[in-house]
Structure formats: structure tokens, C-alpha cells
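Structure first, commentary second.
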Amino acid sequence: MNLKNAVVLITGANRGIGLAFAKEALARGARKVHAAARDPSKVTLAGVEAVRLDVTKPEEVAALARQCGDVTVLINNAGTAEVGGLLAPGGEESFRNQLETNFFGILRTVREFGPILGNNGGGAIVNVLSVASFRNTPVLSTYGATKTAAWALTNGIRNDLRGQGTQVLAVHAGPVDTDLTASFNIPKSAPKLVADKTFDALEAGEGEVLVDDVSVQVKSGLTAPSPVYLNS
């Protein structure tokens with residue numbers, strides 16, 4: 001999928017990875033960039049069209065689809081993360097809250113924009129996932145579960161939309177330097193790296209991209225034997 005002359009819709013485009021996607025889409029010659037955010041006034045990048053979208057609200061997703069019938073590339077970047085375990089107090093509520101954005105948010109946008117992409121020649125969908133899709137950690141176990149679910153959803157979407165010629169790209173990255181990771185004192189990739197690697201993969205026709213060394217190592221580790229627990 002070539003970005004030149006494409007019409008791109010990016011969710012969560014006012015900051016972080018979403019902002020990096022918007023900048024790089026313009027740099028690669030996109031004809032139009034719809035930069036979506038819950039509060040469009042926070043989209044300040046010159047050259048984009050700021051639009052309102054809260055992916056947890058079906059009526060806003062549907063309204064935006066009616067407004068943006070020219071989209072050829074949908075980038076599902078909006079995401080949220082909460083610290084905590086699935087079995088901790090409040091874990092179920094936290095899990096449901098994150099699912100609304102990280103899983104159902106993607107499902108809603110694809111349901112609305114999938115037919116639009118088909119009408120516009122097939123186009124592409126980019127789902128920003130995480131290395132947490134592959135490896136769950138105690139600190140972010142609810143978040144990791146939502147990203148694993150979103151990975152499975154992405155693979156299902158790819159199958160469902162293959163007939164209309166829509167490219168579906170899953171993006172996996174380790175920690176990225178955004179507001180979501182501000183409290184974690186760990187090495188982080190730059191948002192621009194995510195945008196660059198993603199668009200390179202999109203233009204190469206790929207279905208999955210591992211942005212950094214962390215994601216490459218963790219994905220390769222999926223073939224390792226699972227831990228064995230013996231009763232004492």
C-alpha cells in the first residue's frame with residue numbers, strides 16, 4: 001500500500017505514536033490526513049484535518065464514517081493502559097475498561113470503515129498492538145490480555161477482508177516513549193521509529209511488523225517450551 005496520494009485516518013492522533021504517524025504520512029505524500037482525537041482542539045499539527053472520535057462511542061465512530069468516506073488507510077492507534085493484575089481488586093473492571101478501547105475500539109472502526117476501504121479499492125488497515133500481545137507481565141497483565149485479544153482480532157480481520165483486497169498490518173513494539181510509559185524507567189523507542197517501520201512494512205505489502213529488538217526477541221521466544229509446574 002503506497003502512502004502517496006492516500007487518504008489516511010489515524011485514531012489517537014494528537015500525541016505520541018499517533019502524532020508521529022500523522023507527520024510521516026504527510027512526509028510520504030498522503031493527499032489527506034484525518035487526525036482523530038477525543039478533543040480535536042488538541043490536534044495542532046499543520047496540514048491535517050482534525051476530527052472528533054472517541055472509539056469507545058459507537059455513535060461517534062459511525063458519524064465519522066459518514067463524514068470520511070474517502071479513507072484508504074485506517075490506522076487504529078488509540079489505546080489505553082492501566083497498571084494491575086487480572087486477579088487484583090478491581091482487575092475485572094480495569095480489564096473491561098481497556099477492552100473498550102484496545103479491542104472493541106478496533107472492531108468498531110473496522111466495521112464502519114471496512115466497507116469504505118472496499119469501495120475505495122481495498123486500501124489498508126494498520127492496528128497498533130504491542131510486544132505485550134506476545135508476553136504477559138504481572139505489572140500490565142490486564143493490558144497484555146487486551147493486546148493479545150487485539151492481535152487475534154487483527155488476524156481475523158485480515159481473513160475477513162482478504163476478499164476485498166484490504167491489507168491488514170499488525171504492529172508490535174516494545175516500550176515507546178509516550179505518555180503511557182512516562183512512569184516506567186526503562187529503555188524506550190522513539191514514536192518516529194514506530195511510524196517509519198510501520199509505513200515501510202505497509203508499502204512492502206507485509207502483514208506484520210516487529211518494530212524493535214524487543215519485539216523481535218519476544219516473538220522468536222514464542223517457540224520456546226512453556227514452563228512446567230510440578231506439585232511438591
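Identifiers in this document derive from the order of the C-alpha cells: chains are assigned A, B, ..., residues are numbered from 1 separately in each chain, and ligands are numbered from 1 in order of occurrence.
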- request: Determine which residues of region 32-130 of chain A DSSP labels as strand (DSSP E) from the backbone of this structure, then write them out as a ChimeraX atom specification.
  value: /A:32-37,49-52,73-76,124-128
message: Let's see if you can do this: from backbone DSSP, list all alpha helix (DSSP H) residues in region 56-135 of chain A, as number ranges by chain.
response: A: 58-67, 91-102, 104-119
query: What lies within 12 Å of Gln67 (chain A) using only C-alpha atoms, ignoring chain neighbours under 2 positions off, as an NGL selection string?
result: :A and (9 or 34 or 49 or 51-53 or 60-65 or 69-71 or 112-113 or 116)
Write out, as CSV, each residue of region 15-108 of chain A that has an atom at most 9 Å from region 142-154 of chain A, together with the closest pair of atoms and their distance in Å to one decimal, counting only C-alpha atoms, rows going by chain and rising number.
residue,atom,partner,partner_atom,distance
A:Thr80,CA,A:Tyr143,CA,8.0
A:Ala81,CA,A:Tyr143,CA,5.6
A:Glu82,CA,A:Tyr143,CA,6.4
A:Val83,CA,A:Tyr143,CA,7.6
A:Gly84,CA,A:Thr142,CA,6.5
A:Gly85,CA,A:Thr142,CA,5.8
A:Leu86,CA,A:Thr142,CA,5.3
A:Gly91,CA,A:Thr142,CA,7.2
A:Glu92,CA,A:Thr142,CA,8.3
A:Ser94,CA,A:Thr142,CA,7.1
A:Phe95,CA,A:Thr142,CA,5.3
A:Arg96,CA,A:Thr146,CA,8.9
A:Gln98,CA,A:Tyr143,CA,6.8
A:Leu99,CA,A:Thr146,CA,5.7
A:Asn102,CA,A:Thr146,CA,6.2
A:Phe103,CA,A:Ala150,CA,5.2
A:Phe104,CA,A:Ala150,CA,8.5
A:Ile106,CA,A:Ala150,CA,7.8
A:Leu107,CA,A:Leu153,CA,7.8
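Proximity of A:Ala20, A:Leu129, A:Val8, A:Ala30 to Asp196 (chain A), computed with only C-alpha atoms, is greatest for A:Ala20.
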field: Selected residue of minimal separation from Phe21 (chain A) among A:Gly174, A:Pro191, A:Pro40, A:Gly79, counting only C-alpha atoms
entry: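 When distances to Phe21 (chain A) are compared using only C-alpha atoms, the smallest one comes from A:Pro191.
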At most 12 Å is the cut-off: for each residue in region 10-128 of chain A with any atom that close to an atom of region 202-207 of chain A, write down the nearest atom pair and the distance in Å rounded to one decimal, counting only C-alpha atoms, chain first then increasing number, as a Markdown table.
| residue | atom | partner | partner_atom | distance |
| --- | --- | --- | --- | --- |
| A:Ala25 | CA | A:Leu202 | CA | 11.6 |
| A:Arg28 | CA | A:Glu203 | CA | 10.6 |
| A:Val73 | CA | A:Leu202 | CA | 10.0 |
| A:Leu74 | CA | A:Leu202 | CA | 11.6 |
| A:Ile75 | CA | A:Leu202 | CA | 11.1 |
| A:Gly123 | CA | A:Leu202 | CA | 10.4 |
| A:Ala124 | CA | A:Leu202 | CA | 8.1 |
| A:Ile125 | CA | A:Leu202 | CA | 9.2 |
| A:Val126 | CA | A:Leu202 | CA | 8.2 |
| A:Asn127 | CA | A:Gly207 | CA | 10.3 |
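In this comparison, which uses only C-alpha atoms, the residue of A:Asn159, A:Thr137, A:Asn76, A:Gln217 approaching Thr101 (chain A) most closely is A:Asn76.
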Test item: residues at most 7 Å from Ala173 (chain A), only C-alpha atoms, excluding those fewer than 3 positions along its chain, as a list in words: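 Near neighbours after the sequence-gap exclusion: Ser130, Val131, Leu210, Val211, Asp212 and Ser215 of chain A.
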- request: Give me the residues within 12 Å of Val214 (chain A) as a ChimeraX atom specification, counting only C-alpha atoms and dropping any in the same chain fewer than 5 places off.
  value: /A:130-132,134-135,172-176,187-189,219-221
task: Would you mind telling me which residue in A:Ile17, A:Ala27, A:Cys68, A:Ala35 lies nearest to Asn120 (chain A) when using only C-alpha atoms?
output: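 Looking at the shortest contact to Asn120 (chain A), the residue is A:Cys68.
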- request: Name the closest residue to Val216 (chain A) among the candidates A:Leu45, A:Val139, A:Met1, A:Val171; distances are taken between atoms, counting only C-alpha atoms.
  value: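 Between A:Leu45, A:Val139, A:Met1, A:Val171, the residue approaching Val216 (chain A) most closely is A:Val171.
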message: So that I can check the surroundings of Leu161 (chain A), please list as a VMD selection string every protein, DNA and RNA residue that reaches within 10 Å of it, counting only C-alpha atoms and ignoring chain neighbours fewer than 2 positions away.
response: chain A and resid 110 114 to 115 117 to 118 122 124 to 125 156 to 159 163 to 168
Using N, CA and C atoms, can you write the selected residues to a file as a PDB file, in the first residue's frame?
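Resulting contents of out36.pdb:
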ATOM      1  N   VAL A 110     -13.275  -0.824  12.312  1.00  0.00           N
ATOM      2  CA  VAL A 110     -13.183  -1.707  11.148  1.00  0.00           C
ATOM      3  C   VAL A 110     -14.568  -2.025  10.595  1.00  0.00           C
ATOM      4  N   GLY A 114     -14.374  -0.621   7.122  1.00  0.00           N
ATOM      5  CA  GLY A 114     -14.057  -1.723   6.226  1.00  0.00           C
ATOM      6  C   GLY A 114     -14.772  -1.604   4.888  1.00  0.00           C
ATOM      7  N   PRO A 115     -16.092  -1.390   4.868  1.00  0.00           N
ATOM      8  CA  PRO A 115     -16.794  -1.225   3.587  1.00  0.00           C
ATOM      9  C   PRO A 115     -16.311  -0.011   2.802  1.00  0.00           C
ATOM     10  N   LEU A 117     -13.230   1.207   2.808  1.00  0.00           N
ATOM     11  CA  LEU A 117     -11.972   0.809   2.183  1.00  0.00           C
ATOM     12  C   LEU A 117     -12.232  -0.055   0.952  1.00  0.00           C
ATOM     13  N   GLY A 118     -13.190  -0.962   1.066  1.00  0.00           N
ATOM     14  CA  GLY A 118     -13.521  -1.810  -0.069  1.00  0.00           C
ATOM     15  C   GLY A 118     -14.020  -1.009  -1.256  1.00  0.00           C
ATOM     16  N   GLY A 122      -9.864  -1.192  -1.756  1.00  0.00           N
ATOM     17  CA  GLY A 122      -9.259  -2.158  -0.831  1.00  0.00           C
ATOM     18  C   GLY A 122      -8.511  -1.485   0.300  1.00  0.00           C
ATOM     19  N   ALA A 124      -5.952  -0.224   3.204  1.00  0.00           N
ATOM     20  CA  ALA A 124      -5.198  -0.907   4.259  1.00  0.00           C
ATOM     21  C   ALA A 124      -5.697  -0.517   5.640  1.00  0.00           C
ATOM     22  N   ILE A 125      -5.513  -1.442   6.573  1.00  0.00           N
ATOM     23  CA  ILE A 125      -5.780  -1.208   7.995  1.00  0.00           C
ATOM     24  C   ILE A 125      -4.500  -1.498   8.758  1.00  0.00           C
ATOM     25  N   GLY A 156      -8.079 -12.145  12.469  1.00  0.00           N
ATOM     26  CA  GLY A 156      -9.413 -12.450  11.963  1.00  0.00           C
ATOM     27  C   GLY A 156      -9.883 -11.435  10.934  1.00  0.00           C
ATOM     28  N   ILE A 157      -9.612 -10.161  11.200  1.00  0.00           N
ATOM     29  CA  ILE A 157      -9.968  -9.109  10.247  1.00  0.00           C
ATOM     30  C   ILE A 157      -9.272  -9.332   8.913  1.00  0.00           C
ATOM     31  N   ARG A 158      -8.001  -9.721   8.976  1.00  0.00           N
ATOM     32  CA  ARG A 158      -7.243  -9.969   7.749  1.00  0.00           C
ATOM     33  C   ARG A 158      -7.934 -11.029   6.900  1.00  0.00           C
ATOM     34  N   ASN A 159      -8.396 -12.092   7.550  1.00  0.00           N
ATOM     35  CA  ASN A 159      -9.097 -13.147   6.826  1.00  0.00           C
ATOM     36  C   ASN A 159     -10.419 -12.645   6.245  1.00  0.00           C
ATOM     37  N   GLY A 163     -10.843 -10.845   0.766  1.00  0.00           N
ATOM     38  CA  GLY A 163     -11.581 -10.884  -0.480  1.00  0.00           C
ATOM     39  C   GLY A 163     -11.760  -9.532  -1.138  1.00  0.00           C
ATOM     40  N   GLN A 164     -11.768  -8.452  -0.357  1.00  0.00           N
ATOM     41  CA  GLN A 164     -11.919  -7.125  -0.948  1.00  0.00           C
ATOM     42  C   GLN A 164     -10.572  -6.441  -1.175  1.00  0.00           C
ATOM     43  N   GLY A 165      -9.492  -7.182  -0.924  1.00  0.00           N
ATOM     44  CA  GLY A 165      -8.161  -6.658  -1.220  1.00  0.00           C
ATOM     45  C   GLY A 165      -7.609  -5.692  -0.206  1.00  0.00           C
ATOM     46  N   THR A 166      -8.094  -5.761   1.034  1.00  0.00           N
ATOM     47  CA  THR A 166      -7.613  -4.862   2.081  1.00  0.00           C
ATOM     48  C   THR A 166      -6.403  -5.464   2.783  1.00  0.00           C
ATOM     49  N   GLN A 167      -5.296  -4.739   2.771  1.00  0.00           N
ATOM     50  CA  GLN A 167      -4.097  -5.155   3.505  1.00  0.00           C
ATOM     51  C   GLN A 167      -4.299  -4.856   4.983  1.00  0.00           C
ATOM     52  N   VAL A 168      -3.990  -5.814   5.841  1.00  0.00           N
ATOM     53  CA  VAL A 168      -4.128  -5.630   7.289  1.00  0.00           C
ATOM     54  C   VAL A 168      -2.766  -5.860   7.927  1.00  0.00           C
TER      55      VAL A 168
END
field: CA of Ala37 (chain A) to CA of Leu19 (chain A), distance in Å rounded to a single decimal
entry: 10.5 Å
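Closest approach to Val209 (chain A) among A:Glu24, A:Val128, A:Gly16, A:Ala190 is made by A:Val128 (distances from only C-alpha atoms).
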task: Calculate how many Å separate CA of Ala13 (chain A) from CA of Asp213 (chain A), rounding to one decimal.
output: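 Interatomic distance, CA of Ala13 (chain A) to CA of Asp213 (chain A): 25.1 Å.
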